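Worksheet: the structure to be examined is printed underneath.
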Amino acid sequence: MELNASLSLVRPEVILSFSALGLLLLAAWREQAGRLISILAVAALVAAAAFVLNFMMNGTNLSAFDGLLINDAFGNFSKILIFIAAAISLIIAPRFLENAGAMRAEYPVLILLSCVGMGVMVSATDLISLYIGLELQSLSAYVLASFVRSDGRSAEAGLKYFVLGALASGMLLFGASLVYGFAGSTSFAAIGAAMDADVGLGLIFGIVFILSGLAFKISAAPFHMWTPDVYEGAPTPVTAFFASAPKVAAIALTIRIVLEAFGAQILVWQQIIIAVALMSIIIGAVGAIGQQNLKRLMAYSSINNVGFILIGLATGTEQGISAMLVYLVIYVAMTLGSFICLLQLKDKDDGYREEFADISGLSKTRPALAAALAIFMFSLAGIPPLFGFWGKLVVFNAAVAAGLLPLAVIGITASVIGAFYYLKVVKVMYFDDAADVIVDSDDNVLVWTGGILAAANSPLGYFAIPALGIWTAYAARALF
Amino acid sequence: MNAADIPVLSIMLAIPVVAAAMCLFVRAERARIIALSATLVNLVLGLLLWLCYDPAGAQWQFTESATMFGPIGWRLGIDGISLSLIMLSVFLMPICIGASWTSIQKRVGEYMAAFLLMETLMIGVFAAQDLLLFYIFFEAGLIPMYLIIGIWGGQDRIYASYKFFLYTLLGSLVMLIAMLWIIQFAGTADIPTLLNTDFPAEAQKWLWFAFFASFAVKMPMWPVHTWLPDAHVQAPTAGSVILAGVLLKMGGYGFLRFSLPMFPEASADFIPLVFGLSMVAVVYTSLVALVQEDMKKLIAYSSVAHMAIVTVGLFTFNQQGIEGAIIVMLSHGLVSGALFLCVGVIYDRLHTREISRYGGLSVNMPKYALLFMLFTMASVGLPGTSGFVGEFLSLAGAYKVSTWATFIATTGIILGAGYMLYLYRRIAFGPQINADAATMSDVNIREMWLLAPIAVVVLWMGVYPETFLAPIRRDVATIVARIERAAPVGDSKLKLVDPTTARYRVVHGPEKNMAEGSH
């Protein structure tokens, strides 16, 4: 009975696991059914999201498996966002992968498995379940990065991701063992209680190692080095996936462990988070300036955005967490939209282009695509009236409310550096002479998803502010 | 007031947006017509606003309020100061569209769309009653202007567009943090409420600086003015008109709307800073203007000098000075806009902005020379033109606060006469040294329609300024009453013997001599 109750709380993950296994079987018989399996995988994600939504509506807040996992509003909010992002990554992929000769059934299956891992990550309340979720997600991701086997860059990305990811996992595990040793438990609640009593040097070491491992997973500076290489090498739909769903999961996980396990000792972790946030903002902004490859640029952009998101965590307040979730939602929309635009950069020989030189003067030859990409760039730069501005605003508002004025001022000033390279994309597309290498997109799926995301990032997105505010506040309250 | 039932301001904001969307999808000729009609409709609506505005009525009129954006309140409303600046915007917009009628040939639809969006954002800045909404309109203007300069600009347009964008962005972001602090302190983003909130004196200083960072760049004040000459020179004619005509006024509007009433003590403390920078700006930029070889650059530097007189006027803390500053803003919006149009007229014919390529234009372009002279005189501040009224009032107000600042700021008018008349002489008078310039045709009907309305308003404002002072008088008085507690003592020690004549002699004397002597 106890097991049944627990299982009913992880229904979304169960659905995804069985779908993944079932689809794997299907793939064994029908090897060329990549598209069909993708569609079924999206259906599985929708079904899982429906269950999550149901939990969220009912206000479920229960522990499962003796406190290894929790089904609460915060986890559920993150899961919905993750599943949507994963579904979009599935929808946009087939054409690209077929083109690369890699549209195999394993792609949707791996994404589903990764989603299971992410589901566990965001609801983990114990270091063990945390690690299991993280590894399931990461292992799927390593394979996905090298999914186009025939492409040397893709294989290199996968290997690089794997080696560095293993290193990060090692650091995380080392930190976890230290924390376990000094706190006497792997459960977040028990660690929190132990930290209330006394924070020794051992625990602090443990926290630093855990946060370093997590910083790697969310590609925050100074553990960001893998990001540009992996983003560049991985197939573009996979990069879009990396930049969205796993990032949400890892950030949600970081929020939960920081607040539930270390929460009591804000002075211990706050300075780490502040340092990581500012470094990410500045390194992300400065590093992007010299890039010629748009995917590398997006990699630095994601480092930069993680910095802004972490400012919300540095506050340690409910408002700050709610702001982070708002930012995450908008960030997922912006980043997926940008990658969808990149996926449409095809030349007449069906080759995918990803350099600055290729989008030169794009506004003259492909005005709609250029306009969409410009919207995403201005939105990422946080220029009003685009929706990305709202994300930055709520995060900085939380920082100001928490009295972190210097952090807010430095962070927002550094965002001007970031604006420089986002503007460069717009400049190349609008001001430079037309290179005319990009042809009209024949993939309506990309055109429509890109268009919808562009509309969401345009000022129309402001209509979503009240709903977004209510849901994120509801989700954030679950942690306090 | 039956007009209060209709959301006039929202309609004025919506019309250009709708028209902009249409412009993107139609052919060039159609786009021009759509843009012109939309701006003309907005002009008519603006005139209706002006007619329906009751100077003795409530402080905030035509108010609207909606909450569909959550914490960002869609609250609009205008007082007399907003009204005059909105009028300036809607008046200049059709002229801008007209000025681009033939000179813009590539990507017309996008060009018109950018201008129409610009119009929405400008009206929004002046009509917003919510601090966040204000910020969004204020900052969003960067995007269309960036595109206007970058796509349709001159040779160095990319450098200029970047400089424009990043300079103004950096200034505004610091202001955003201050705004967030203010909203949390006061618990509301409602501007009318905030204007009567007293902030602690220590916090005021920081907040004032944060706002100053933004508005001083926008204004622009020396030494953060350097983006302006670049942006002006590279922007297409209509872009320069809108930049000089309205965008610069946002800085002055910000000082007036936010810095003064919200932080009176800090404003008073920083008078020496503002006056100091303004004095430097007046003299320095006037001297720089004197040696320019490029017409647009010269006018751009003259803008910085004129805006310095605005800042001096605003920080006088008295009725005259502030009213004068507003009139200088309106006048400069019209006159510099007109001057840029005048440059555009001959640029369209000869495709150079170099002063030495022209000469003796009064022979072959008499109508042009006449209009150009009128605007030159207005820029100099000749009595009878709008420039005189504003400069006189703001300097008279400044005299009550600091005689030295007034003395130095007034030299700007003499220097202004120097560079403007020198410019005029080189372009309109003298021998016709360049054959191609000598064969240029006079202004055509379209150009006449652009310049004549501005000329009429400039003269109107110069001869009967009461029309323009009446709607702002009460609102300026409100601000003055609000900041009175921090008003500086002043060093001129004026005695109330016969104040009008006494002040009249002090400032008007040298100015009149200068204007006559230069003929």
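We label chains A, B, ... in the order they appear in the structure tokens, count residues from 1 in each chain, and number ligands from 1 in the order shown.
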Pick out the chain A residues within 9 Å of chain B. Count only C-alpha atoms. Give them as number ranges by chain. A: 364, 378, 383-386, 389, 393, 396-397, 400-401, 405, 408-409, 412-413, 415-417, 419-420, 423-424, 426-427, 430-432, 462-467, 469
Put those residues in a file: C-alpha atoms, as a PDB file, in the first residue's frame.
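See result33.pdb below for the written result:
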```pdb
ATOM      1  CA  LYS A 364      16.523  41.633 -46.965  1.00  0.00           C
ATOM      2  CA  PHE A 378      16.379  41.933 -28.088  1.00  0.00           C
ATOM      3  CA  ILE A 383      15.297  45.419 -23.809  1.00  0.00           C
ATOM      4  CA  PRO A 384      11.705  46.470 -23.237  1.00  0.00           C
ATOM      5  CA  PRO A 385       9.067  46.130 -24.600  1.00  0.00           C
ATOM      6  CA  LEU A 386      10.089  42.552 -25.345  1.00  0.00           C
ATOM      7  CA  PHE A 389      12.745  42.450 -20.022  1.00  0.00           C
ATOM      8  CA  LEU A 393      12.966  43.021 -14.038  1.00  0.00           C
ATOM      9  CA  PHE A 396      16.397  42.471 -10.072  1.00  0.00           C
ATOM     10  CA  ASN A 397      13.295  43.509  -8.219  1.00  0.00           C
ATOM     11  CA  VAL A 400      16.512  45.061  -4.561  1.00  0.00           C
ATOM     12  CA  ALA A 401      13.824  43.854  -2.165  1.00  0.00           C
ATOM     13  CA  LEU A 405      21.662  46.662  -4.133  1.00  0.00           C
ATOM     14  CA  ALA A 408      21.723  44.452  -8.618  1.00  0.00           C
ATOM     15  CA  VAL A 409      23.685  47.447  -9.842  1.00  0.00           C
ATOM     16  CA  ILE A 412      22.413  45.204 -14.499  1.00  0.00           C
ATOM     17  CA  THR A 413      25.393  47.243 -15.593  1.00  0.00           C
ATOM     18  CA  SER A 415      23.979  43.357 -18.921  1.00  0.00           C
ATOM     19  CA  VAL A 416      24.984  46.276 -21.137  1.00  0.00           C
ATOM     20  CA  ILE A 417      28.005  44.243 -22.223  1.00  0.00           C
ATOM     21  CA  ALA A 419      23.463  43.816 -25.073  1.00  0.00           C
ATOM     22  CA  PHE A 420      26.452  44.497 -27.270  1.00  0.00           C
ATOM     23  CA  LEU A 423      22.884  43.871 -30.996  1.00  0.00           C
ATOM     24  CA  LYS A 424      25.617  42.479 -33.180  1.00  0.00           C
ATOM     25  CA  VAL A 426      20.679  42.361 -35.247  1.00  0.00           C
ATOM     26  CA  LYS A 427      23.310  44.533 -36.850  1.00  0.00           C
ATOM     27  CA  TYR A 430      19.761  44.327 -40.680  1.00  0.00           C
ATOM     28  CA  PHE A 431      22.647  46.645 -41.461  1.00  0.00           C
ATOM     29  CA  ASP A 432      25.072  44.525 -43.451  1.00  0.00           C
ATOM     30  CA  TYR A 462       2.909  40.873 -21.175  1.00  0.00           C
ATOM     31  CA  PHE A 463      -0.627  39.598 -21.095  1.00  0.00           C
ATOM     32  CA  ALA A 464       0.748  36.463 -19.445  1.00  0.00           C
ATOM     33  CA  ILE A 465       2.295  38.380 -16.566  1.00  0.00           C
ATOM     34  CA  PRO A 466      -0.579  38.057 -14.091  1.00  0.00           C
ATOM     35  CA  ALA A 467      -0.992  34.300 -14.632  1.00  0.00           C
ATOM     36  CA  GLY A 469       3.030  35.712 -11.371  1.00  0.00           C
TER      37      GLY A 469
END
```
Would you kindly return, as JSON, numbers by chain, each protein, DNA or RNA residue with an atom no farther than 7 Å from any atom of stretch 422-433 of chain B, considering only C-alpha atoms and excluding same-chain residues fewer than 5 positions away? {"B": [355, 358, 359, 360, 361, 362, 369, 438]}
Write the residues you've just listed into a file as a CSV table (one decimal), in the first residue's frame, and include C-alpha atoms for each of them.
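Below is the file part.csv, written as the result:
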```
chain,number,residue,atom,x,y,z
B,355,ILE,CA,29.3,73.4,-45.5
B,358,TYR,CA,27.4,75.2,-50.7
B,359,GLY,CA,27.4,79.0,-50.9
B,360,GLY,CA,25.3,81.8,-52.2
B,361,LEU,CA,22.1,79.8,-52.1
B,362,SER,CA,20.0,82.9,-51.5
B,369,ALA,CA,17.1,81.1,-47.8
B,438,ALA,CA,24.3,77.2,-57.8
```
B:Gly245: which residues within 8 Å, counting only C-alpha atoms, same-chain residues fewer than 4 positions away excluded, as a PyMOL selection string? chain B and resi 88-89+92+240-241+249+332-334+336-337
With distances taken over only C-alpha atoms, which of A:Ala197, A:Met121, A:Leu7, A:Leu310 is nearest to A:Arg256?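 The closest residue to A:Arg256 is A:Met121.
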Quick one, how far is atom CA of B:Ile97 from atom CA of B:Met112?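 Atom-to-atom, atom CA of B:Ile97 and atom CA of B:Met112 are spaced 7.4 Å apart.
Minimum atom-to-atom distances from B:Leu36, B:Val18, B:Val8, B:Leu194 to B:Pro261 were compared using only C-alpha atoms, and the lowest value belongs to B:Leu194.
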Where does DSSP see strand (DSSP E or B) in stretch 162-375 of chain A, if you list the residues as a ChimeraX atom specification? /A:187,293,346,352,355
Considering only C-alpha atoms, return as a list in words whatever protein or nucleic-acid residues lie within 12 Å of B:Cys23, sequence-local ones (same chain, fewer than 5 positions apart) excluded. Pro16, Val17, Val18, Ala28, Glu29, Arg30, Ala31, Arg32, Ile33, Ile34, Ala35, Leu36, Ser37, Ala38, Arg107, Val108, Gly109, Glu110, Tyr111, Met112, Ala113, Ala114, Phe115, Leu116 and Leu117 of chain B
Tell me, as JSON, numbers by chain, which residues lie within 7 Å of B:Met420, counting only C-alpha atoms; anything in the same chain fewer than 4 positions away does not count. {"B": [376, 380, 416, 424]}
Mind giving me the straight-line distance from atom CA of B:Gly77 to atom CA of B:Ile191 in Å, one decimal?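 Separation of atom CA of B:Gly77 and atom CA of B:Ile191: 10.1 Å.
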What is the atom CA of A:Thr254-atom CA of A:Leu297 distance in Å, reported with one decimal? 24.8 Å
Surrounding residues of B:Leu248 excluding itself and chain neighbours under 2 positions, 7 Å, only C-alpha atoms, as a ChimeraX atom specification: /B:218-220,243-246,250-251
Expected file contents, prior selection, N, CA and C atoms, as a short mmCIF file (atom, residue, chain, number, x, y, z; two decimals), in the first residue's frame:
```
data_model
loop_
_atom_site.label_atom_id
_atom_site.label_comp_id
_atom_site.auth_asym_id
_atom_site.auth_seq_id
_atom_site.Cartn_x
_atom_site.Cartn_y
_atom_site.Cartn_z
N LYS B 218 20.39 61.11 -21.93
CA LYS B 218 19.33 61.33 -22.91
C LYS B 218 19.28 62.79 -23.32
N MET B 219 19.63 63.65 -22.39
CA MET B 219 19.39 65.09 -22.58
C MET B 219 20.05 65.68 -23.82
N PRO B 220 21.27 65.58 -24.14
CA PRO B 220 22.38 65.03 -23.38
C PRO B 220 23.18 66.15 -22.74
N LEU B 243 14.95 62.78 -33.34
CA LEU B 243 15.93 62.69 -32.26
C LEU B 243 16.06 64.04 -31.56
N ALA B 244 16.29 65.08 -32.36
CA ALA B 244 16.46 66.39 -31.75
C ALA B 244 15.13 66.93 -31.26
N GLY B 245 14.08 66.63 -32.01
CA GLY B 245 12.80 67.24 -31.71
C GLY B 245 12.17 66.66 -30.47
N VAL B 246 12.19 65.36 -30.33
CA VAL B 246 11.43 64.77 -29.23
C VAL B 246 12.29 63.94 -28.28
N MET B 250 12.92 63.96 -23.79
CA MET B 250 12.60 62.98 -22.75
C MET B 250 13.49 63.18 -21.54
N GLY B 251 14.74 63.57 -21.77
CA GLY B 251 15.63 63.82 -20.64
C GLY B 251 15.11 64.97 -19.79
#
```
Write out as a PyMOL selection string the residues lying within 9 Å of B:Leu374, counting only C-alpha atoms and excluding same-chain residues fewer than 6 positions away. chain B and resi 385+455+458-459
Which one is closest to A:Trp471: A:Ile255, A:Ala102, A:Val329, A:Ala93? Count only C-alpha atoms.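 Among the listed residues, the smallest separation from A:Trp471 belongs to A:Val329.
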Enumerate as a PyMOL selection string all residues of stretch 239-339 of chain B assigned to alpha helix (DSSP H) by DSSP on the backbone, naming them with the chain letters and numbers the document uses. chain B and resi 239-242+248-254+260-262+264-269+271-290+295-314+319-339
